[in-house]
Each structure stands twice: as structure tokens, then as C-alpha cells.
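Coordinates as given in structure13.txt (compact mmCIF, C-alpha atoms):
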# COMPACT_ATOMS: atom_id res chain seq x y z
CA MET A 852 86.86 77.51 106.13
CA ASN A 853 90.12 75.59 105.90
CA THR A 854 93.07 77.47 104.53
CA GLU A 855 96.76 77.06 104.01
CA THR A 856 99.81 78.23 105.91
CA LEU A 857 101.45 81.41 104.60
CA LEU A 858 105.18 81.72 105.31
CA GLY A 859 107.16 84.95 105.52
CA SER A 860 110.59 85.87 106.82
CA THR A 861 109.45 86.88 110.33
CA VAL A 862 105.99 85.30 110.72
CA ARG A 863 103.95 82.32 109.66
CA LEU A 864 100.20 82.70 109.21
CA GLU A 865 98.70 79.35 110.10
CA PRO A 866 95.06 78.26 110.00
CA LEU A 867 93.36 79.47 113.17
CA SER A 868 92.17 76.75 115.53
CA ALA A 869 90.65 76.50 118.99
CA GLY A 870 94.12 75.38 120.09
CA HIS A 871 95.31 78.98 119.69
CA ALA A 872 92.83 80.29 122.29
CA GLU A 873 95.14 80.30 125.30
CA ALA A 874 98.02 82.00 123.46
CA LEU A 875 95.76 84.62 121.88
CA LEU A 876 94.08 85.42 125.18
CA VAL A 877 97.38 86.84 126.47
CA SER A 878 97.47 89.66 123.91
CA ALA A 879 93.70 90.17 123.93
CA SER A 880 93.83 90.68 127.70
CA ASP A 881 95.64 93.99 127.15
CA PRO A 882 92.93 96.69 127.02
CA ASP A 883 95.06 98.80 124.65
CA VAL A 884 95.31 95.92 122.18
CA TRP A 885 91.56 95.33 122.26
CA ARG A 886 90.48 98.97 122.51
CA TRP A 887 89.16 99.36 118.96
CA MET A 888 87.83 95.85 118.38
CA PRO A 889 84.09 95.88 117.62
CA ARG A 890 83.35 92.90 119.85
CA GLN A 891 83.50 92.25 123.56
CA ARG A 892 86.98 91.40 124.81
CA PRO A 893 87.22 87.74 125.82
CA GLU A 894 88.28 87.48 129.46
CA THR A 895 88.76 83.73 129.77
CA THR A 896 90.22 80.98 127.64
CA ALA A 897 86.70 79.55 127.28
CA GLN A 898 85.38 82.88 125.94
CA MET A 899 88.32 83.11 123.52
CA HIS A 900 87.69 79.53 122.47
CA ASP A 901 84.02 80.38 121.76
CA MET A 902 84.95 83.51 119.81
CA LEU A 903 87.50 81.67 117.69
CA GLY A 904 85.01 78.84 117.12
CA GLY A 905 82.49 81.30 115.70
CA MET A 906 85.10 82.84 113.43
CA ILE A 907 86.33 79.47 112.18
CA ALA A 908 82.76 78.24 111.50
CA ASP A 909 82.04 81.22 109.21
CA THR A 910 82.41 79.89 105.65
CA THR A 911 83.12 83.40 104.30
CA ARG A 912 86.26 83.68 106.47
CA ARG A 913 89.83 82.51 106.22
CA CYS A 914 91.28 82.94 109.70
CA PHE A 915 94.91 82.85 110.72
CA ALA A 916 96.98 82.83 113.87
CA VAL A 917 100.23 84.78 113.49
CA ARG A 918 103.26 82.88 114.76
CA ARG A 919 106.61 84.65 115.15
CA LEU A 920 109.32 82.54 113.53
CA ALA A 921 112.14 83.64 115.85
CA ASP A 922 110.67 81.93 118.93
CA GLY A 923 107.49 80.17 117.77
CA ALA A 924 105.22 82.41 119.87
CA VAL A 925 101.66 83.11 118.71
CA ILE A 926 101.59 86.92 118.68
CA GLY A 927 98.28 87.75 117.01
CA SER A 928 95.51 86.94 114.61
CA THR A 929 94.16 88.19 111.29
CA SER A 930 91.44 87.14 108.86
CA LEU A 931 90.00 87.50 105.42
CA TYR A 932 86.24 87.81 105.84
CA ASP A 933 83.15 88.52 103.76
CA LEU A 934 85.08 86.63 101.10
CA ASP A 935 83.09 86.54 97.86
CA THR A 936 85.15 84.94 95.10
CA ASP A 937 82.32 85.34 92.56
CA GLN A 938 82.47 89.11 93.02
CA GLY A 939 86.23 89.11 93.65
CA ARG A 940 86.16 90.92 96.98
CA ALA A 941 87.01 90.44 100.64
CA GLU A 942 87.80 92.39 103.79
CA VAL A 943 90.80 92.01 106.05
CA GLY A 944 90.19 92.36 109.75
CA ALA A 945 89.79 90.75 113.17
CA THR A 946 93.46 91.67 113.44
CA TRP A 947 95.30 92.16 116.68
CA PHE A 948 98.89 91.79 117.85
CA ASP A 949 100.55 91.60 121.21
CA ARG A 950 101.54 95.14 122.18
CA SER A 951 105.22 94.10 122.40
CA CYS A 952 105.06 93.56 118.63
CA TRP A 953 103.72 97.01 117.74
CA GLY A 954 106.09 98.89 115.47
CA GLY A 955 107.93 95.73 114.44
CA PRO A 956 107.75 93.92 111.10
CA TYR A 957 105.01 91.48 112.12
CA ASN A 958 101.81 93.31 111.20
CA THR A 959 103.38 94.63 107.99
CA GLU A 960 104.51 91.17 106.92
CA SER A 961 101.16 89.67 107.91
CA LYS A 962 99.48 92.17 105.57
CA LEU A 963 101.98 91.30 102.82
CA LEU A 964 101.13 87.61 103.21
CA ILE A 965 97.35 87.92 103.52
CA PHE A 966 97.08 90.49 100.70
CA GLY A 967 99.20 88.21 98.51
CA HIS A 968 96.99 85.24 99.36
CA ALA A 969 93.87 87.22 98.47
CA PHE A 970 95.13 88.71 95.20
CA ASP A 971 97.53 86.04 93.93
CA ASP A 972 95.94 82.80 95.19
CA LEU A 973 92.24 83.63 95.38
CA GLY A 974 92.01 86.10 92.49
CA VAL A 975 90.37 88.82 94.55
CA ILE A 976 90.04 92.18 92.74
CA ARG A 977 89.22 94.35 95.76
CA LEU A 978 90.33 94.19 99.39
CA ALA A 979 88.80 96.45 102.02
CA LEU A 980 89.82 97.27 105.57
CA ARG A 981 87.85 99.35 108.05
CA THR A 982 88.51 100.96 111.38
CA ASP A 983 86.82 103.05 114.02
CA HIS A 984 86.90 106.73 113.06
CA LEU A 985 88.58 107.48 116.41
CA ASN A 986 91.40 104.99 115.75
CA VAL A 987 93.81 107.42 114.11
CA ARG A 988 96.77 105.07 114.68
CA SER A 989 95.13 102.41 112.51
CA GLN A 990 94.17 104.92 109.84
CA ARG A 991 97.77 106.18 109.55
CA ALA A 992 99.00 102.57 109.35
CA MET A 993 96.62 101.81 106.47
CA GLU A 994 97.77 104.91 104.64
CA ARG A 995 101.42 103.87 105.10
CA LEU A 996 100.51 100.52 103.56
CA GLY A 997 99.28 102.35 100.46
CA LEU A 998 95.56 101.80 100.90
CA VAL A 999 93.09 104.37 99.58
CA CYS A 1000 90.60 105.98 101.97
CA GLU A 1001 87.14 105.60 100.44
CA GLY A 1002 85.08 107.36 103.06
CA THR A 1003 83.14 106.89 106.26
CA LEU A 1004 80.03 104.89 107.04
CA ARG A 1005 78.31 106.92 109.73
CA SER A 1006 76.92 105.17 112.81
CA HIS A 1007 77.98 101.92 111.17
CA MET A 1008 78.44 99.65 114.18
CA ARG A 1009 77.74 99.38 117.87
CA ARG A 1010 80.82 99.29 120.09
CA PRO A 1011 80.92 96.79 122.97
CA ASP A 1012 80.02 99.63 125.38
CA GLY A 1013 76.82 100.34 123.38
CA SER A 1014 78.02 103.59 121.78
CA ARG A 1015 77.91 103.95 117.99
CA ARG A 1016 80.99 104.15 115.83
CA ASP A 1017 81.61 105.51 112.38
CA SER A 1018 83.73 103.16 110.24
CA VAL A 1019 86.42 104.56 107.97
CA TYR A 1020 86.90 102.34 104.90
CA TYR A 1021 90.12 101.78 102.99
CA SER A 1022 90.70 99.62 99.94
CA LEU A 1023 93.36 98.16 97.70
CA LEU A 1024 92.63 96.98 94.15
CA ALA A 1025 94.34 94.22 92.19
CA ASP A 1026 95.99 96.66 89.79
CA GLU A 1027 97.41 98.56 92.79
CA TRP A 1028 98.72 95.39 94.40
CA PRO A 1029 102.14 95.15 92.63
CA ALA A 1030 103.20 98.61 93.85
CA ALA A 1031 101.73 97.95 97.32
CA ARG A 1032 103.54 94.58 97.50
CA GLU A 1033 106.84 96.32 96.79
CA ARG A 1034 106.17 98.98 99.46
CA LEU A 1035 105.22 96.33 102.01
CA ALA A 1036 108.29 94.20 101.23
CA ASP A 1037 110.51 97.29 101.57
CA ARG A 1038 108.91 98.12 104.94
CA VAL A 1039 109.46 94.56 106.22
CA ALA A 1040 113.09 94.68 105.08
CA ALA A 1041 113.63 98.06 106.77
CA LYS A 1042 112.11 96.82 110.03
CA THR A 1043 114.26 93.68 110.07
CA ALA A 1044 117.56 95.22 108.94
CA PRO A 1045 120.32 94.96 111.54
CA LEU A 1046 121.24 98.22 113.24
CA GLY A 1047 124.63 99.75 112.74

How would this structure read if it were set down as C-alpha cells?
Amino acid sequence: MNTETLLGSTVRLEPLSAGHAEALLVSASDPDVWRWMPRQRPETTAQMHDMLGGMIADTTRRCFAVRRLADGAVIGSTSLYDLDTDQGRAEVGATWFDRSCWGGPYNTESKLLIFGHAFDDLGVIRLALRTDHLNVRSQRAMERLGLVCEGTLRSHMRRPDGSRRDSVYYSLLADEWPAARERLADRVAAKTAPLG
């Protein structure tokens, strides 16, 4: 599904294309970055190209590459998926960032941009995010973003190694979005403030 570019102060979310495959393979090649992804890690540019092609072809997705404004580098990817505008709901996922960007403003601002696109542009009422029950780092990050933990779907998905994972679900509703937007904007500002 075609989408628009979303511009922030540190990143630009641009429509994902097969042309991003080589840049995204660099971060995906780090086992720590890919550890909790529910799909097999692409090991070649061709495999990344195929994976991105499948994502882009899905009409219920709006997929983005995350480009850092400071140097123009593609540092990650994120998507809206299972988008149902009739029911006013979507999920945010297929998100990963180069490990060198962890702890910086990039993921936070990407969430600010994609949540804003969902709520303000598309009129979504409910956004959901899910993570592996063992991925405590992701769960704490969602809680810092102001999302509400809804519960756990037991044995929800098969991991790439064949084991089963429980998925912990979080959500954010449209009436919670103004307060969450303010928190996210404050977090981006704090992470980009000069030291000293």
C-alpha cells in the first residue's frame, strides 16, 4: 500500500521499497537486533528484498524505512499492519533499528510519527503493539511510551526456531493519544537536547 513520507526532527519515515533492502540488511544482520522478530532473519540482500516485497504487497500494511536526518542513513524499519479503517484499528510492528541507534531519539520519534499518522491522518481509534513475552526490554519501552498492557496470548506464534511464544499485547486509544503525544514529544526533546 502506498503511503506518504512522515517528517520529524531526527528521522524521516519514507515509504518502504525494495531499494532499501541493502541498507536494512546491515542492521538485520545483527543477531541482537533480530532476536525477537517472529520471522527468519534475512541473510542476503536477495532474502531481504523478498521479505520487503511481501510486506509491501500486503494491502493492509503501510511500511516505512526510517532514515536518520543527520546523515541520511537508513537505520531501521517500522509498519502499520492489519490496518482496518472500517473498524478503526491497526497494529504497529515489524520494527527494528540498528543497534547503534538504541537508546537514542529515533525509535521514540518514529513512534510519535507513526502513531500520529494512524490517529490524526487515518482516523484509527485503537493501535496495538505486541512483543514476545521474553522480550522484557520491549515491554518496558512500550510502558514508557504510555501504552496499556492488555494481556498475553498464550502460545500465540511460532518462533523461527520452531518454539512457541506467548505474545504480550499493548494498546493506545485515540482518547489517550493527546497525552501520549506530549510524552513522546518530551522524550524526543530530552534525547536530542545538547549536553551541558

Quote the spacing between atom CA of Cys1000 of chain A and atom CA of Ala979 of chain A in Å to one decimal place.
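The value is 9.7 Å.
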
Segment 1029-1032 of chain A: which residues within 7 Å, counting all atoms listed in the file, same-chain residues fewer than 2 positions away excluded, as number ranges by chain?
A: 963, 996-997, 1026-1027, 1034-1036

Using all atoms listed in the file, find the one residue out of A:Thr896, A:Thr946, A:Gln891, A:Thr936 that sits nearest to Thr911 of chain A.
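For Thr911 of chain A, the nearest of the given residues is A:Thr936.
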
Just to confirm, what's the straight-line distance from atom CA of Ala941 of chain A to atom CA of Glu894 of chain A in Å (one decimal)?
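Between atom CA of Ala941 of chain A and atom CA of Glu894 of chain A the gap works out to 29.0 Å.
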
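The set of protein, DNA and RNA residues with any counted atom at most 9 Å from (87.8, 102.1, 101.7) (all atoms listed in the file) reads A:Leu978, A:Ala979, A:Leu980, A:Arg981, A:Leu998, A:Val999, A:Cys1000, A:Glu1001, A:Gly1002, A:Thr1003, A:Val1019, A:Tyr1020, A:Tyr1021, A:Ser1022, A:Leu1023.
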
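The shell of residues at most 6 Å from Ser928 of chain A, with all atoms listed in the file counted and near chain neighbours (fewer than 2 positions) removed, consists of Phe915, Ala916, Val917, Thr946 and Trp947 of chain A.
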
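Proximity to Trp887 of chain A at 8 Å, evaluated using only C-alpha atoms and with sequence-adjacent residues fewer than 6 positions away removed, yields Thr982, Asp983 and Asn986 of chain A.
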
Within 10 Å of segment 1037-1045 of chain A, which residues of segment 873-980 of chain A show up? Give each one with its shortest atom-to-atom distance in Å (one decimal) and the two atoms involved, counting only C-alpha atoms, rows by chain then rising residue number, as JSON lines.
{"residue": "A:Gly954", "atom": "CA", "partner": "A:Lys1042", "partner_atom": "CA", "distance": 8.4}
{"residue": "A:Gly955", "atom": "CA", "partner": "A:Lys1042", "partner_atom": "CA", "distance": 6.2}
{"residue": "A:Pro956", "atom": "CA", "partner": "A:Val1039", "partner_atom": "CA", "distance": 5.2}
{"residue": "A:Tyr957", "atom": "CA", "partner": "A:Val1039", "partner_atom": "CA", "distance": 8.0}
{"residue": "A:Asn958", "atom": "CA", "partner": "A:Val1039", "partner_atom": "CA", "distance": 9.2}
{"residue": "A:Thr959", "atom": "CA", "partner": "A:Val1039", "partner_atom": "CA", "distance": 6.3}
{"residue": "A:Glu960", "atom": "CA", "partner": "A:Val1039", "partner_atom": "CA", "distance": 6.0}
{"residue": "A:Ser961", "atom": "CA", "partner": "A:Val1039", "partner_atom": "CA", "distance": 9.8}
{"residue": "A:Leu963", "atom": "CA", "partner": "A:Val1039", "partner_atom": "CA", "distance": 8.8}

Between A:Met902, A:Leu964, A:Val925, A:Gly944, smallest distance to Ser860 of chain A by all atoms listed in the file belongs to A:Leu964

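Here atom CA of Ala969 of chain A is placed at a distance of 25.3 Å from atom CA of Val884 of chain A.
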
Any chance you could work out the axis-aligned box around segment 871-881 of chain A, listed atoms only, 3 Å on each side, giving centre and edge lengths in Å to one decimal, as AutoDock Vina command-line options?
--center_x 95.4 --center_y 86.5 --center_z 123.7 --size_x 11.2 --size_y 21.0 --size_z 14.0

Once you count only C-alpha atoms, which residues end up no further than 12 Å from (95.6, 88.1, 118.2) in the file's frame, shown as a PyMOL selection string?
chain A and resi 864+867+871-881+884-885+888+892-893+899+902-903+914-919+924-930+944-950+952+957-958+961

Determine the nearest neighbour of Thr861 of chain A from the options A:Ala897, A:Pro889, A:Gly904, A:Leu920, counting all atoms listed in the file.
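Closest residue, counting all atoms listed in the file: A:Leu920.
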
Go through A:Ser989, A:Ser1014, A:Thr910, A:Asp971 and flag the residue nearest Trp953 of chain A, using all atoms listed in the file for the distances.
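Of the candidates, the smallest distance to Trp953 of chain A is held by A:Ser989.
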
Which residues come within 7 Å of Ala1025 of chain A, counting all atoms listed in the file, excluding same-chain residues fewer than 4 positions away, as a JSON list (two decimals) with C-alpha atoms, in the frame of the given file?
[["chain", "number", "residue", "atom", "x", "y", "z"],
["A", 970, "PHE", "CA", 95.13, 88.71, 95.20],
["A", 976, "ILE", "CA", 90.04, 92.18, 92.74],
["A", 977, "ARG", "CA", 89.22, 94.35, 95.76]]

With only C-alpha atoms as the counted atoms, please give the residues lying no more than 10 Å from Asp937 of chain A, apart from itself and same-chain residues fewer than 3 positions off, as a short mmCIF file (atom, residue, chain, number, x, y, z; two decimals) with C-alpha atoms, keeping the file's coordinate frame.
data_model
loop_
_atom_site.label_atom_id
_atom_site.label_comp_id
_atom_site.auth_asym_id
_atom_site.auth_seq_id
_atom_site.Cartn_x
_atom_site.Cartn_y
_atom_site.Cartn_z
CA LEU A 934 85.08 86.63 101.10
CA ARG A 940 86.16 90.92 96.98
CA GLY A 974 92.01 86.10 92.49
CA VAL A 975 90.37 88.82 94.55
#

Closest to Leu858 of chain A among A:Arg1016, A:His1007, A:Lys962, A:Arg913, using only C-alpha atoms?
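Using only C-alpha atoms, the shortest distance to Leu858 of chain A belongs to A:Lys962.
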
Starting from the block above, write segment 988-1002 of chain A out to a file with all heavy atoms, as a PDB file, in the first residue's frame, please.
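Full text of selection.pdb as output:
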ATOM      1  N   ARG A 988      12.806  -5.966  27.537  1.00  0.00           N
ATOM      2  CA  ARG A 988      13.265  -4.647  27.089  1.00  0.00           C
ATOM      3  C   ARG A 988      12.177  -3.950  26.273  1.00  0.00           C
ATOM      4  O   ARG A 988      11.883  -2.772  26.467  1.00  0.00           O
ATOM      5  CB  ARG A 988      14.545  -4.811  26.265  1.00  0.00           C
ATOM      6  CG  ARG A 988      15.146  -3.533  25.769  1.00  0.00           C
ATOM      7  CD  ARG A 988      16.462  -3.832  25.006  1.00  0.00           C
ATOM      8  NE  ARG A 988      16.995  -2.632  24.438  1.00  0.00           N
ATOM      9  CZ  ARG A 988      16.651  -2.159  23.256  1.00  0.00           C
ATOM     10  NH1 ARG A 988      15.782  -2.802  22.508  1.00  0.00           N
ATOM     11  NH2 ARG A 988      17.183  -1.045  22.815  1.00  0.00           N
ATOM     12  N   SER A 989      11.551  -4.666  25.364  1.00  0.00           N
ATOM     13  CA  SER A 989      10.479  -4.104  24.543  1.00  0.00           C
ATOM     14  C   SER A 989       9.258  -3.765  25.393  1.00  0.00           C
ATOM     15  O   SER A 989       8.616  -2.726  25.196  1.00  0.00           O
ATOM     16  CB  SER A 989      10.103  -5.091  23.440  1.00  0.00           C
ATOM     17  OG  SER A 989       9.043  -4.598  22.667  1.00  0.00           O
ATOM     18  N   GLN A 990       8.927  -4.626  26.336  1.00  0.00           N
ATOM     19  CA  GLN A 990       7.776  -4.362  27.193  1.00  0.00           C
ATOM     20  C   GLN A 990       7.981  -3.091  28.007  1.00  0.00           C
ATOM     21  O   GLN A 990       7.062  -2.264  28.123  1.00  0.00           O
ATOM     22  CB  GLN A 990       7.532  -5.559  28.118  1.00  0.00           C
ATOM     23  CG  GLN A 990       7.067  -6.802  27.367  1.00  0.00           C
ATOM     24  CD  GLN A 990       7.121  -8.049  28.207  1.00  0.00           C
ATOM     25  OE1 GLN A 990       6.688  -8.035  29.351  1.00  0.00           O
ATOM     26  NE2 GLN A 990       7.670  -9.118  27.652  1.00  0.00           N
ATOM     27  N   ARG A 991       9.176  -2.900  28.567  1.00  0.00           N
ATOM     28  CA  ARG A 991       9.446  -1.677  29.337  1.00  0.00           C
ATOM     29  C   ARG A 991       9.368  -0.453  28.430  1.00  0.00           C
ATOM     30  O   ARG A 991       8.873   0.607  28.839  1.00  0.00           O
ATOM     31  CB  ARG A 991      10.829  -1.744  30.006  1.00  0.00           C
ATOM     32  CG  ARG A 991      11.015  -2.839  31.044  1.00  0.00           C
ATOM     33  CD  ARG A 991      10.115  -2.766  32.271  1.00  0.00           C
ATOM     34  NE  ARG A 991       8.800  -3.341  32.118  1.00  0.00           N
ATOM     35  CZ  ARG A 991       8.454  -4.621  32.225  1.00  0.00           C
ATOM     36  NH1 ARG A 991       9.360  -5.530  32.480  1.00  0.00           N
ATOM     37  NH2 ARG A 991       7.205  -5.003  32.079  1.00  0.00           N
ATOM     38  N   ALA A 992       9.863  -0.578  27.189  1.00  0.00           N
ATOM     39  CA  ALA A 992       9.804   0.547  26.253  1.00  0.00           C
ATOM     40  C   ALA A 992       8.355   0.928  25.947  1.00  0.00           C
ATOM     41  O   ALA A 992       8.013   2.113  25.911  1.00  0.00           O
ATOM     42  CB  ALA A 992      10.552   0.198  24.964  1.00  0.00           C
ATOM     43  N   MET A 993       7.495  -0.054  25.753  1.00  0.00           N
ATOM     44  CA  MET A 993       6.087   0.247  25.477  1.00  0.00           C
ATOM     45  C   MET A 993       5.423   0.923  26.665  1.00  0.00           C
ATOM     46  O   MET A 993       4.617   1.844  26.492  1.00  0.00           O
ATOM     47  CB  MET A 993       5.350  -1.029  25.088  1.00  0.00           C
ATOM     48  CG  MET A 993       5.748  -1.554  23.722  1.00  0.00           C
ATOM     49  SD  MET A 993       4.695  -2.901  23.201  1.00  0.00           S
ATOM     50  CE  MET A 993       5.822  -3.872  22.246  1.00  0.00           C
ATOM     51  N   GLU A 994       5.780   0.483  27.845  1.00  0.00           N
ATOM     52  CA  GLU A 994       5.221   1.109  29.047  1.00  0.00           C
ATOM     53  C   GLU A 994       5.706   2.551  29.177  1.00  0.00           C
ATOM     54  O   GLU A 994       4.928   3.435  29.545  1.00  0.00           O
ATOM     55  CB  GLU A 994       5.571   0.276  30.280  1.00  0.00           C
ATOM     56  CG  GLU A 994       4.818  -1.042  30.289  1.00  0.00           C
ATOM     57  CD  GLU A 994       5.427  -2.109  31.185  1.00  0.00           C
ATOM     58  OE1 GLU A 994       6.394  -1.806  31.931  1.00  0.00           O
ATOM     59  OE2 GLU A 994       4.930  -3.252  31.138  1.00  0.00           O
ATOM     60  N   ARG A 995       6.980   2.815  28.851  1.00  0.00           N
ATOM     61  CA  ARG A 995       7.489   4.192  28.889  1.00  0.00           C
ATOM     62  C   ARG A 995       6.782   5.074  27.874  1.00  0.00           C
ATOM     63  O   ARG A 995       6.640   6.275  28.086  1.00  0.00           O
ATOM     64  CB  ARG A 995       9.002   4.213  28.625  1.00  0.00           C
ATOM     65  CG  ARG A 995       9.838   3.776  29.807  1.00  0.00           C
ATOM     66  CD  ARG A 995      11.308   4.097  29.611  1.00  0.00           C
ATOM     67  NE  ARG A 995      11.867   3.506  28.415  1.00  0.00           N
ATOM     68  CZ  ARG A 995      12.405   2.284  28.346  1.00  0.00           C
ATOM     69  NH1 ARG A 995      12.437   1.509  29.422  1.00  0.00           N
ATOM     70  NH2 ARG A 995      12.908   1.847  27.217  1.00  0.00           N
ATOM     71  N   LEU A 996       6.326   4.481  26.772  1.00  0.00           N
ATOM     72  CA  LEU A 996       5.600   5.245  25.762  1.00  0.00           C
ATOM     73  C   LEU A 996       4.156   5.520  26.172  1.00  0.00           C
ATOM     74  O   LEU A 996       3.449   6.258  25.493  1.00  0.00           O
ATOM     75  CB  LEU A 996       5.609   4.495  24.423  1.00  0.00           C
ATOM     76  CG  LEU A 996       6.967   4.298  23.754  1.00  0.00           C
ATOM     77  CD1 LEU A 996       6.831   3.473  22.490  1.00  0.00           C
ATOM     78  CD2 LEU A 996       7.632   5.628  23.458  1.00  0.00           C
ATOM     79  N   GLY A 997       3.718   4.925  27.281  1.00  0.00           N
ATOM     80  CA  GLY A 997       2.368   5.184  27.769  1.00  0.00           C
ATOM     81  C   GLY A 997       1.323   4.209  27.282  1.00  0.00           C
ATOM     82  O   GLY A 997       0.115   4.449  27.452  1.00  0.00           O
ATOM     83  N   LEU A 998       1.746   3.095  26.693  1.00  0.00           N
ATOM     84  CA  LEU A 998       0.784   2.104  26.234  1.00  0.00           C
ATOM     85  C   LEU A 998       0.275   1.278  27.411  1.00  0.00           C
ATOM     86  O   LEU A 998       0.950   1.146  28.426  1.00  0.00           O
ATOM     87  CB  LEU A 998       1.421   1.185  25.193  1.00  0.00           C
ATOM     88  CG  LEU A 998       1.458   1.777  23.770  1.00  0.00           C
ATOM     89  CD1 LEU A 998       2.456   2.898  23.668  1.00  0.00           C
ATOM     90  CD2 LEU A 998       1.785   0.702  22.764  1.00  0.00           C
ATOM     91  N   VAL A 999      -0.907   0.730  27.259  1.00  0.00           N
ATOM     92  CA  VAL A 999      -1.548  -0.064  28.301  1.00  0.00           C
ATOM     93  C   VAL A 999      -1.379  -1.543  27.973  1.00  0.00           C
ATOM     94  O   VAL A 999      -1.700  -1.979  26.861  1.00  0.00           O
ATOM     95  CB  VAL A 999      -3.051   0.281  28.410  1.00  0.00           C
ATOM     96  CG1 VAL A 999      -3.758  -0.642  29.393  1.00  0.00           C
ATOM     97  CG2 VAL A 999      -3.228   1.743  28.813  1.00  0.00           C
ATOM     98  N   CYS A1000      -0.886  -2.314  28.936  1.00  0.00           N
ATOM     99  CA  CYS A1000      -0.763  -3.758  28.759  1.00  0.00           C
ATOM    100  C   CYS A1000      -2.148  -4.378  28.875  1.00  0.00           C
ATOM    101  O   CYS A1000      -2.844  -4.192  29.874  1.00  0.00           O
ATOM    102  CB  CYS A1000       0.182  -4.344  29.797  1.00  0.00           C
ATOM    103  SG  CYS A1000       0.445  -6.122  29.579  1.00  0.00           S
ATOM    104  N   GLU A1001      -2.549  -5.110  27.840  1.00  0.00           N
ATOM    105  CA  GLU A1001      -3.879  -5.716  27.819  1.00  0.00           C
ATOM    106  C   GLU A1001      -3.875  -7.169  28.247  1.00  0.00           C
ATOM    107  O   GLU A1001      -4.896  -7.707  28.623  1.00  0.00           O
ATOM    108  CB  GLU A1001      -4.463  -5.627  26.410  1.00  0.00           C
ATOM    109  CG  GLU A1001      -4.701  -4.210  25.950  1.00  0.00           C
ATOM    110  CD  GLU A1001      -5.403  -4.165  24.613  1.00  0.00           C
ATOM    111  OE1 GLU A1001      -5.080  -4.992  23.729  1.00  0.00           O
ATOM    112  OE2 GLU A1001      -6.276  -3.296  24.453  1.00  0.00           O
ATOM    113  N   GLY A1002      -2.730  -7.818  28.120  1.00  0.00           N
ATOM    114  CA  GLY A1002      -2.673  -9.219  28.491  1.00  0.00           C
ATOM    115  C   GLY A1002      -1.796 -10.012  27.541  1.00  0.00           C
ATOM    116  O   GLY A1002      -1.096  -9.455  26.698  1.00  0.00           O
TER     117      GLY A1002
END
